[in-house]
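Single-structure report; data block below.
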Amino acid sequence: MPTMIEPKLIAGNANPPLAKAIARRMSMHRGMEVGLCDTRVERFNDGEIFVEVYENVRGEDMFIVQPTSNPANDNLMELLIIADALRRSSAARITAVIPYFGYARQDRRSKARTPITAKLVSNMIVEAGIERVLTLDLHATQIQGFFDIPVDNLYASPIYALDAMHNFRGKMDEVMVVSPDVGGVARARDLAQRIGAPLSIVDKRRGKPGEVAEMTVIGDVKDKVCVIVDDIVDTAGTLCKAAEVLMENGAKEVHSYITHGVLSGPAVERVSKSVMKNLVITDTIQATEAVKACKNIRIVPTAPMFAQAILNTWNGTSVSSLFDHKTLGPIYEGLYAAE
């Protein structure tokens, strides 16, 4: 019998490049090869998902890397079925690494006779035999309370702080962090504090669902390099309009740091034609060819942080240490050289 249980990675079809990148980073951190489990995840002709794990996982510490992005239902079912396969194969512990947690926007009843789907999904994950969840920038932090298992919610803001201090070198005194709505102030304030920048808010009023009737900038953005911060960019309509309003109020430049690039429908075209100089997203959702080809969209890797978080979970050390951009600095040294 092995004297030490090794962490093992297994991936679905949602974001194979991210899973492979995490395995590579874990190999670098550990000084020994960490690969993805040899697995078959495929569909029958009627769309049913079938999973077969070719390696022995009995007594192993398993980590499933699977964001529940588009197609959300298929990727969620893959996660649950992989977990069931591992549980029935006597894995010692199953951790779901969900870089993008789908259905997180349905975290409360906004009107009568509507579901709280985030709670339903959390129940399904627990019932599938998953014992811990590792995710990034939950849309609403209270979703952690929907689970009866530990949830480690990592933050993109430490990575973005490193990125901002690297890319805005020499003009940090001109940078102003902007929240695109009142609900996102806490997230924007966190980045502002990390980089020592002031904070502004774009207050939006909706005429009817899906349409923004009016936007007002709270704070003086004249001659500022504005950095909009949010967790999800979907159709990018509100984001692009917020950028226009900031420029109309005298901003010198507008950049955006958004964690999850859902970028559905006309989003990429809107971003490419917008006044934003850069939209920075992470690789939690696999980028389409259109996203990769867009000149003002830049992708920041999350694999170094997830790899370290998985290793910290496996060996029982602090995951919250990764909330500090100074701790992440050495991990991201290849991307953001130490000043």
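So you can find residues: chains in the structure tokens are A, B, ... in the order shown, residues in each start at 1, and ligands are numbered from 1 in order.
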query = Residues at most 10 Å from Ile285 in chain A, counting only C-alpha atoms, excluding those fewer than 4 positions away in the same chain, as a list of chain:residue names?
reply = A:Ala14, A:Asn15, A:Pro17, A:Leu18, A:Gln66, A:Pro67, A:Thr68, A:Ser69, A:Asn70, A:Pro99, A:Tyr100, A:Thr259, A:His260, A:Gly261, A:Val262, A:Leu263, A:Ile281
Atoms kept (C-alpha atoms) for selection, written as a PDB file, in the first residue's frame:
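Listed below is the output, result30.pdb:
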```pdb
ATOM      1  CA  ALA A  14     -16.291  21.720 -19.971  1.00  0.00           C
ATOM      2  CA  ASN A  15     -12.757  23.163 -20.017  1.00  0.00           C
ATOM      3  CA  PRO A  17      -7.303  23.298 -21.441  1.00  0.00           C
ATOM      4  CA  LEU A  18      -7.753  24.642 -17.896  1.00  0.00           C
ATOM      5  CA  GLN A  66     -15.446  20.990 -14.259  1.00  0.00           C
ATOM      6  CA  PRO A  67     -16.939  24.483 -14.613  1.00  0.00           C
ATOM      7  CA  THR A  68     -20.698  24.443 -15.189  1.00  0.00           C
ATOM      8  CA  SER A  69     -20.584  26.871 -18.105  1.00  0.00           C
ATOM      9  CA  ASN A  70     -22.407  26.698 -21.439  1.00  0.00           C
ATOM     10  CA  PRO A  99     -14.032  27.461 -11.617  1.00  0.00           C
ATOM     11  CA  TYR A 100     -17.328  28.938 -12.843  1.00  0.00           C
ATOM     12  CA  THR A 259     -13.838  37.228 -13.729  1.00  0.00           C
ATOM     13  CA  HIS A 260     -16.116  35.010 -15.815  1.00  0.00           C
ATOM     14  CA  GLY A 261     -16.346  35.687 -19.541  1.00  0.00           C
ATOM     15  CA  VAL A 262     -19.695  34.098 -20.391  1.00  0.00           C
ATOM     16  CA  LEU A 263     -19.817  36.342 -23.490  1.00  0.00           C
ATOM     17  CA  ILE A 281     -11.228  37.958 -18.201  1.00  0.00           C
TER      18      ILE A 281
END
```
ask   = If you count only C-alpha atoms, which residues fall within 6 Å of Ile64 in chain A, apart from same-chain ones fewer than 4 positions away, as a list in words?
value =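 The neighbour list is Ile10, Ala11, Ala96 and Val97 of chain A.
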inquiry  = From the options A:Met165, A:Val41, A:Ile81, A:Leu9, which residue's atoms come nearest to Met26 in chain A, counting only C-alpha atoms?
reply    = A:Leu9
inquiry  = At a cut-off of 12 Å, using only C-alpha atoms, what residues contact Val275 in chain A? Leave out same-chain residues fewer than 6 positions from it and give the result as number ranges by chain.
reply    = A: 226, 239-248, 251-256, 296
Residue neighbourhood Ala164 in chain A, 12 Å, only C-alpha atoms, exclusion window fewer than 5 positions, as a count of residues only = 31
Please list as a PDB file with all heavy atoms, in the first residue's frame every residue within 6 Å of range 134-144 of chain A, counting only C-alpha atoms and excluding residues in the same chain fewer than 6 positions away.
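Listing of around.pdb after writing:
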```pdb
ATOM      1  N   VAL A  97     -13.855  20.921  -8.221  1.00  0.00           N
ATOM      2  CA  VAL A  97     -13.223  22.197  -8.557  1.00  0.00           C
ATOM      3  C   VAL A  97     -14.074  22.813  -9.663  1.00  0.00           C
ATOM      4  O   VAL A  97     -14.036  22.375 -10.810  1.00  0.00           O
ATOM      5  CB  VAL A  97     -11.767  22.003  -9.021  1.00  0.00           C
ATOM      6  CG1 VAL A  97     -11.124  23.345  -9.336  1.00  0.00           C
ATOM      7  CG2 VAL A  97     -10.972  21.252  -7.955  1.00  0.00           C
ATOM      8  N   ILE A  98     -14.883  23.805  -9.295  1.00  0.00           N
ATOM      9  CA  ILE A  98     -15.855  24.400 -10.221  1.00  0.00           C
ATOM     10  C   ILE A  98     -15.432  25.856 -10.460  1.00  0.00           C
ATOM     11  O   ILE A  98     -15.898  26.770  -9.764  1.00  0.00           O
ATOM     12  CB  ILE A  98     -17.288  24.346  -9.645  1.00  0.00           C
ATOM     13  CG1 ILE A  98     -17.606  22.927  -9.145  1.00  0.00           C
ATOM     14  CG2 ILE A  98     -18.307  24.779 -10.695  1.00  0.00           C
ATOM     15  CD1 ILE A  98     -18.958  22.809  -8.463  1.00  0.00           C
ATOM     16  N   PRO A  99     -14.527  26.093 -11.413  1.00  0.00           N
ATOM     17  CA  PRO A  99     -14.032  27.461 -11.617  1.00  0.00           C
ATOM     18  C   PRO A  99     -15.140  28.481 -11.866  1.00  0.00           C
ATOM     19  O   PRO A  99     -15.078  29.609 -11.376  1.00  0.00           O
ATOM     20  CB  PRO A  99     -13.118  27.315 -12.831  1.00  0.00           C
ATOM     21  CG  PRO A  99     -12.668  25.891 -12.795  1.00  0.00           C
ATOM     22  CD  PRO A  99     -13.853  25.128 -12.292  1.00  0.00           C
ATOM     23  N   ALA A 104     -25.510  30.462 -10.494  1.00  0.00           N
ATOM     24  CA  ALA A 104     -25.266  31.290  -9.300  1.00  0.00           C
ATOM     25  C   ALA A 104     -26.087  32.567  -9.314  1.00  0.00           C
ATOM     26  O   ALA A 104     -26.326  33.170  -8.259  1.00  0.00           O
ATOM     27  CB  ALA A 104     -23.778  31.636  -9.213  1.00  0.00           C
ATOM     28  N   VAL A 151     -17.020  24.899   1.454  1.00  0.00           N
ATOM     29  CA  VAL A 151     -16.879  25.569   0.160  1.00  0.00           C
ATOM     30  C   VAL A 151     -15.765  26.605   0.280  1.00  0.00           C
ATOM     31  O   VAL A 151     -15.830  27.500   1.126  1.00  0.00           O
ATOM     32  CB  VAL A 151     -18.186  26.267  -0.270  1.00  0.00           C
ATOM     33  CG1 VAL A 151     -17.977  27.018  -1.585  1.00  0.00           C
ATOM     34  CG2 VAL A 151     -19.316  25.259  -0.410  1.00  0.00           C
ATOM     35  N   ASP A 152     -14.740  26.468  -0.558  1.00  0.00           N
ATOM     36  CA  ASP A 152     -13.666  27.459  -0.615  1.00  0.00           C
ATOM     37  C   ASP A 152     -13.907  28.342  -1.830  1.00  0.00           C
ATOM     38  O   ASP A 152     -13.808  27.874  -2.970  1.00  0.00           O
ATOM     39  CB  ASP A 152     -12.301  26.767  -0.724  1.00  0.00           C
ATOM     40  CG  ASP A 152     -11.921  26.044   0.555  1.00  0.00           C
ATOM     41  OD1 ASP A 152     -12.017  26.661   1.623  1.00  0.00           O
ATOM     42  OD2 ASP A 152     -11.532  24.859   0.482  1.00  0.00           O
ATOM     43  N   ASN A 153     -14.248  29.599  -1.576  1.00  0.00           N
ATOM     44  CA  ASN A 153     -14.519  30.555  -2.651  1.00  0.00           C
ATOM     45  C   ASN A 153     -13.284  31.440  -2.836  1.00  0.00           C
ATOM     46  O   ASN A 153     -13.018  32.324  -2.029  1.00  0.00           O
ATOM     47  CB  ASN A 153     -15.752  31.399  -2.305  1.00  0.00           C
ATOM     48  CG  ASN A 153     -16.098  32.381  -3.401  1.00  0.00           C
ATOM     49  OD1 ASN A 153     -15.911  32.095  -4.585  1.00  0.00           O
ATOM     50  ND2 ASN A 153     -16.608  33.541  -3.022  1.00  0.00           N
ATOM     51  N   LEU A 154     -12.511  31.165  -3.889  1.00  0.00           N
ATOM     52  CA  LEU A 154     -11.335  31.975  -4.189  1.00  0.00           C
ATOM     53  C   LEU A 154     -11.763  33.282  -4.848  1.00  0.00           C
ATOM     54  O   LEU A 154     -12.903  33.429  -5.291  1.00  0.00           O
ATOM     55  CB  LEU A 154     -10.384  31.210  -5.108  1.00  0.00           C
ATOM     56  CG  LEU A 154      -9.856  29.877  -4.587  1.00  0.00           C
ATOM     57  CD1 LEU A 154      -9.024  29.179  -5.657  1.00  0.00           C
ATOM     58  CD2 LEU A 154      -9.032  30.076  -3.324  1.00  0.00           C
ATOM     59  N   TYR A 155     -10.823  34.230  -4.928  1.00  0.00           N
ATOM     60  CA  TYR A 155     -11.124  35.547  -5.502  1.00  0.00           C
ATOM     61  C   TYR A 155     -10.147  35.869  -6.624  1.00  0.00           C
ATOM     62  O   TYR A 155      -8.950  35.580  -6.536  1.00  0.00           O
ATOM     63  CB  TYR A 155     -11.052  36.625  -4.423  1.00  0.00           C
ATOM     64  CG  TYR A 155     -12.022  36.407  -3.294  1.00  0.00           C
ATOM     65  CD1 TYR A 155     -11.594  35.849  -2.080  1.00  0.00           C
ATOM     66  CD2 TYR A 155     -13.365  36.719  -3.429  1.00  0.00           C
ATOM     67  CE1 TYR A 155     -12.485  35.621  -1.044  1.00  0.00           C
ATOM     68  CE2 TYR A 155     -14.268  36.500  -2.399  1.00  0.00           C
ATOM     69  CZ  TYR A 155     -13.823  35.949  -1.215  1.00  0.00           C
ATOM     70  OH  TYR A 155     -14.711  35.718  -0.201  1.00  0.00           O
TER      71      TYR A 155
END
```
request  = Considering only C-alpha atoms, state which residue in the set A:Trp314, A:Phe63, A:Phe323, A:Phe146 is at the smallest distance from Ala161 in chain A.
outcome  =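 Result for the nearest residue to Ala161 in chain A: A:Phe323.
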inquiry  = Among range 158-292 of chain A, which ones does DSSP assign to strand (DSSP E) (computed from the backbone)? Answer as JSON, numbers by chain.
reply    = {"A": [175, 176, 177, 178, 179, 199, 200, 201, 202, 203, 204, 205, 206, 207, 208, 211, 212, 213, 214, 215, 216, 217, 218, 225, 226, 227, 228, 229, 230, 231, 232, 233, 253, 254, 255, 256, 257, 258, 259, 260, 261, 278, 279, 280, 281, 282]}
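With distances restricted to only C-alpha atoms, A:Glu78 is the closest residue to Glu42 in chain A from A:Asp84, A:Asp324, A:Asp148, A:Glu78.
Separating CA of Leu279 in chain A from CA of Gln106 in chain A is a distance of 25.0 Å.
Across A:Val268, A:Glu48, A:Phe306, A:Ala112, the tightest approach to Lys292 in chain A is made by A:Val268 when counting only C-alpha atoms.
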query = Could you pull the residues within 8 Å of Val217 in chain A, counting only C-alpha atoms, minus those fewer than 6 positions along the same chain, as a PyMOL selection string?
reply = chain A and resi 200-203+245-246+249
inquiry  = Using DSSP secondary structure from the backbone, list all helix (DSSP H, G or I) positions within range 24-103 of chain A, as number ranges by chain.
reply    = A: 24-30, 72-88
